[in-house]
Amino acid sequence: MTNQVKQAIYRGLRPATAVALLFVMVIAVTGSAAAKAGNLMGNRGKLAVDAPTPNSNAQVSVIVQFKTMPGSSQYSKFTRQGANVQSKFTGIRAVKMRLPAALIAKLQQDGNVLYITPDRPVHLTNDNENYEAAVMADVASAQYGFDGTGVGVAVIDSGVSDNVDLHNASGASRIVYSESFVAGDATTADGYGHGTHVAGIIGGNGSAANGKNYALKMAGMAPGVNIINLRVLDATGAGTDSQVIAAIQRAVQLKSQYNIRVINLSLGRQVFESYTLDPLCQAVEQAWQAGIVVVVAAGNNGRDNSHGTRGYATIGAPGNDPAVVTVGATRTMDTASRVDDAHASYSSKGPTLIDHIVKPDLVAPGNRIASIRVKGSTLDTEYPSLEVGPTTCSTGCTASYFRLSGTSMATPVVSGAVALMLQEDGTLTPDTVKARMMKTAWKGFGLYSRAFDIYNNEYDDQYDLFSYGAGYLDVEAALSSTDVANAPALSPTAVRDPATGLVRLQNTTSPLFGTSVVWGTSVVWGNTVVWGNTIDASSVVWGASVVWGNSLDTGYSVVWGTSVVWGNSIEAFSVDQDGEN
């Protein structure tokens with residue numbers, strides 16, 4: 001591709017070309033991610049970049065990771081020094097403490113302390129017949145007849161309110177367990193309106209629409225699943241790391257009792273350090289090792305050009321972890337065919353900051369998705385125009401559904417698909433599930449798309465493995481696959497040669513999982529790169545320059561740097577407007 005064509009793309013023009021789909025082979029990486037992460041922390045040592053400065057007596061909340069879990073004598077020592085141990089997370093050898101900031105300096109000197117982070121806030125990441133058809137779920141349902149029965153899906157979100165769409169044929173609720181981890185609030189109903197919407201996409205059965213004239217089918221992906229409601233977000237959609245970690249830990253504890261095989265995380269926050277040190281990432285890895293597929297929203301920062309990256313390197317945590325399934329969002333274009341579907345411009349893109357993991361892993365519909373409405377919830381009150389009611393109705397009818405947009409909505413589409421796969425074969429490991437979905441993902445995208453928000457602002461997207469990953473979820477193909485992952489299905493790492501500027505893929509090495517070799521010569525990403533060079537064991541991802549242009553571009557140094565922190569606050573993972581056109 002010529003420089004003139006590249007510049008045309010940057011000006012918003014799109015060549016009318018398509019890309020031939022080829023296959024990728026990745027090679028083993030040398031060195032460990034943990035060692036690399038250690039070099040990124042600079043002179044802060046064991047202290048996260050955003051941790052409180054240890055020079056005052058102000059009370060702060062932190063999560064302390066240890067090499068070995070402390071004993072009673074060490075807890076007593078912390079207490080004598082002014083710390084209040086509030087939560088213990090044995091799965092990741094960590095403790096949440098409330099303590100004077102000055103005590104952090106002493107913790108850094110403790111030989112058993114591995115890493116200290118603040119208890120960070122986390123927020124949400126955010127046509128039904130159309131989205132099911134787009135991922136071939138309707139064909140899969142007709143062919144296989146699976147509905148997720150017997151599979152438990154843990155929805156870690158703002159709560160799940162009881163609704164007829166979440167009942168079984170006898171009228172009993174399929175919300176089989178509920179618990180709140182929101183500090184000072186034991187209620188488990190959904191005050192925000194997001195968690196119930198997510199649960200409906202996963203397992204709603206459309207009962208509220210029966211006998212009413214709704215334009216589209218309102219059932220979710222797996223209308224027979226059981227929902228485990230683990231509330232971590234309050235009525236404003238806000239939560240903290242420690243609340244999410246506690247909920248993940250509970251899901252692991254309850255796995256056998258409720259056959260919890262899937263965790264849905266339509267939430268997240270910005271990346272502050274390597275996934276090898278981030279306590280939220282360590283928690284999702286614990287669940288993955290326990291045999292639970294963890295599905296995470298990529299984030300909604302794909303339009304962010306504040307650092308000159310055109311939305312690249314904006315994947316949130318814990319979606320930056322190479323073990324989990326990270327999901328980006330597409331638009332169905334209001335048709336049942338996937339051929340005309342397009343990438344949602346707000347969907348966050350990879351590679352991940354610091355570790356440069358190739359994310360998202362795949363994409364699914366996430367634009368203007370209708371699901372269960374929680375009457376009087378915060379979202380329902382703030383956005384009454386998004387209610388979805390019958391096309392014709394007599395006086396007094398109320399809307400039972402509500403539409404939202406974002407990677408929050410794409411994530412439960414994938415979670416529902418995972419439930420169907422596990423109903424078909426309950427012996428599947430998380431790695432095999434991930435590998436099958438990625439290998440069978442539809443890869444028929446073009447190279448470019450154009451979107452307009454509700455204010456008619458234009459956004460142009462270039463398609464590549466950092467925007468749509470392995471491709472578009474194809475439920476029928478995933479159910480038909482018999483491939484088995486005999487090694488960890490870790491997302492690969494993008495590695496840039498500083499001498500040549502060339503970027504290639506390498507298998508990711510994880511301290512917990514070892515080296516990923518499952519991809520090998522498998523047909524996974526299947527992408528000819530944007531500049532026309534085929535990816536294989538020796539070729540590059542972006543050719544002689546990266547997607548952001550030459551080394552003078554701001555985004556170039558940001559993405560391949562080691563310590564950039566995005567923004568000053570956490571952004572919600574469901575968009576704050578009615579999707580895009």
# chains A, B, ... in the order shown; residues from 1 in each chain; ligands from 1

call {"tool": "select_by_dssp", "arguments": {"residues": "stretch 193-318 of chain A", "states": "strand (DSSP E or B)", "output": "list in words"}}
result
Asn213, Asn226, Ile227, Ile228, Asn229, Leu230, Arg231, Gly239, Thr240, Ile260, Arg261, Val262, Ile263, Asn264, Leu265, Leu267, Gly268, Arg269, Val293, Val294, Val295, Val296, Ala297 and Ala317 of chain A

call {"tool": "residues_around", "arguments": {"residues": "stretch 304-320 of chain A", "least_positions_apart": "3", "cutoff": "6 Å", "atoms": "only C-alpha atoms", "output": "JSON list (two decimals) with C-alpha atoms, in the first residue's frame"}}
result
[["chain", "number", "residue", "atom", "x", "y", "z"],
["A", 268, "GLY", "CA", -13.50, -2.74, 33.94],
["A", 269, "ARG", "CA", -11.13, 0.12, 34.34],
["A", 270, "GLN", "CA", -7.95, 1.53, 32.85],
["A", 271, "VAL", "CA", -4.62, -0.30, 32.84],
["A", 281, "CYS", "CA", -6.15, -9.77, 36.43],
["A", 296, "VAL", "CA", -14.66, -9.62, 29.65],
["A", 298, "ALA", "CA", -12.90, -4.71, 25.90],
["A", 299, "GLY", "CA", -14.03, -1.19, 26.83],
["A", 301, "ASN", "CA", -12.59, 3.99, 24.27],
["A", 326, "THR", "CA", -11.98, -10.21, 25.60],
["A", 348, "SER", "CA", -11.65, -0.36, 22.41],
["A", 349, "LYS", "CA", -8.68, -1.63, 20.40],
["A", 350, "GLY", "CA", -5.40, -3.32, 21.24],
["A", 351, "PRO", "CA", -2.62, -3.94, 21.74],
["A", 352, "THR", "CA", -2.84, -3.62, 25.51],
["A", 353, "LEU", "CA", -0.77, -1.02, 27.26],
["A", 554, "THR", "CA", 2.50, 10.77, 19.29],
["A", 555, "GLY", "CA", 0.58, 7.53, 19.32],
["A", 559, "VAL", "CA", 1.48, 2.48, 22.45]]

call {"tool": "atom_distance", "arguments": {"atom1": "atom CA of A:Tyr115", "atom2": "atom CA of A:Ala247"}}
result
21.1 Å

call {"tool": "select_by_dssp", "arguments": {"residues": "stretch 419-461 of chain A", "states": "helix (DSSP H, G or I)", "output": "ChimeraX atom specification"}}
result
/A:419-424,430-440

call {"tool": "closest_residue", "arguments": {"among": "A:Ile92, A:Ile202, A:Ile454, A:Ala485", "to": "A:Gly152", "atoms": "only C-alpha atoms"}}
result
A:Ile202

call {"tool": "closest_atom_pairs", "arguments": {"of": "stretch 239-354 of chain A", "to": "stretch 53-63 of chain A", "cutoff": "9 Å", "atoms": "only C-alpha atoms", "output": "JSON lines"}}
result
{"residue": "A:Asp241", "atom": "CA", "partner": "A:Ile63", "partner_atom": "CA", "distance": 8.4}
{"residue": "A:Ser242", "atom": "CA", "partner": "A:Ile63", "partner_atom": "CA", "distance": 7.3}
{"residue": "A:Pro279", "atom": "CA", "partner": "A:Ile63", "partner_atom": "CA", "distance": 7.6}

call {"tool": "atom_distance", "arguments": {"atom1": "atom CA of A:Gly159", "atom2": "atom CA of A:Glu382"}}
result
18.1 Å

call {"tool": "closest_residue", "arguments": {"among": "A:Ser274, A:Asn581, A:Thr427, A:Thr236", "to": "A:Asn367", "atoms": "only C-alpha atoms"}}
result
A:Asn581

call {"tool": "residues_around", "arguments": {"residues": "A:Asp380", "least_positions_apart": "5", "cutoff": "10 Å", "atoms": "only C-alpha atoms", "output": "number ranges by chain"}}
result
A: 191-194, 373-375, 385-387, 401-403

call {"tool": "write_last_selection", "arguments": {"atoms": "C-alpha atoms", "output": "PDB file, in the first residue's frame"}}
result
ATOM      1  CA  GLY A 191     -30.650  -0.322  41.096  1.00  0.00           C
ATOM      2  CA  TYR A 192     -28.643   0.734  38.068  1.00  0.00           C
ATOM      3  CA  GLY A 193     -30.406  -1.347  35.409  1.00  0.00           C
ATOM      4  CA  HIS A 194     -27.295  -2.718  33.740  1.00  0.00           C
ATOM      5  CA  ARG A 373     -35.784  -3.186  31.481  1.00  0.00           C
ATOM      6  CA  VAL A 374     -35.622  -2.536  35.242  1.00  0.00           C
ATOM      7  CA  LYS A 375     -38.401  -0.048  35.822  1.00  0.00           C
ATOM      8  CA  SER A 385     -36.260   7.294  25.241  1.00  0.00           C
ATOM      9  CA  LEU A 386     -34.420   3.959  25.106  1.00  0.00           C
ATOM     10  CA  GLU A 387     -37.406   1.946  26.322  1.00  0.00           C
ATOM     11  CA  TYR A 401     -37.403  -3.923  27.408  1.00  0.00           C
ATOM     12  CA  PHE A 402     -34.693  -1.332  27.086  1.00  0.00           C
ATOM     13  CA  ARG A 403     -31.816  -0.893  24.672  1.00  0.00           C
TER      14      ARG A 403
END

call {"tool": "atom_distance", "arguments": {"atom1": "atom CA of A:Ser400", "atom2": "atom CA of A:Arg331"}}
result
22.8 Å

call {"tool": "closest_residue", "arguments": {"among": "A:Gly514, A:Pro430, A:Gly206, A:Gly237", "to": "A:Asp190", "atoms": "only C-alpha atoms"}}
result
A:Gly237

call {"tool": "residues_around", "arguments": {"residues": "A:Leu107", "least_positions_apart": "2", "cutoff": "12 Å", "atoms": "only C-alpha atoms", "output": "JSON, numbers by chain"}}
result
{"A": [45, 46, 47, 54, 62, 63, 64, 65, 66, 74, 77, 78, 81, 83, 97, 99, 100, 101, 102, 103, 104, 105, 109, 110, 111, 112, 113, 114, 115, 116, 117]}

call {"tool": "closest_residue", "arguments": {"among": "A:Ser87, A:Gln423, A:Asn229, A:Gln253", "to": "A:Phe146", "atoms": "only C-alpha atoms"}}
result
A:Gln423

call {"tool": "closest_residue", "arguments": {"among": "A:Arg93, A:Pro412, A:Gly171, A:Ala323", "to": "A:Asp157", "atoms": "only C-alpha atoms"}}
result
A:Pro412
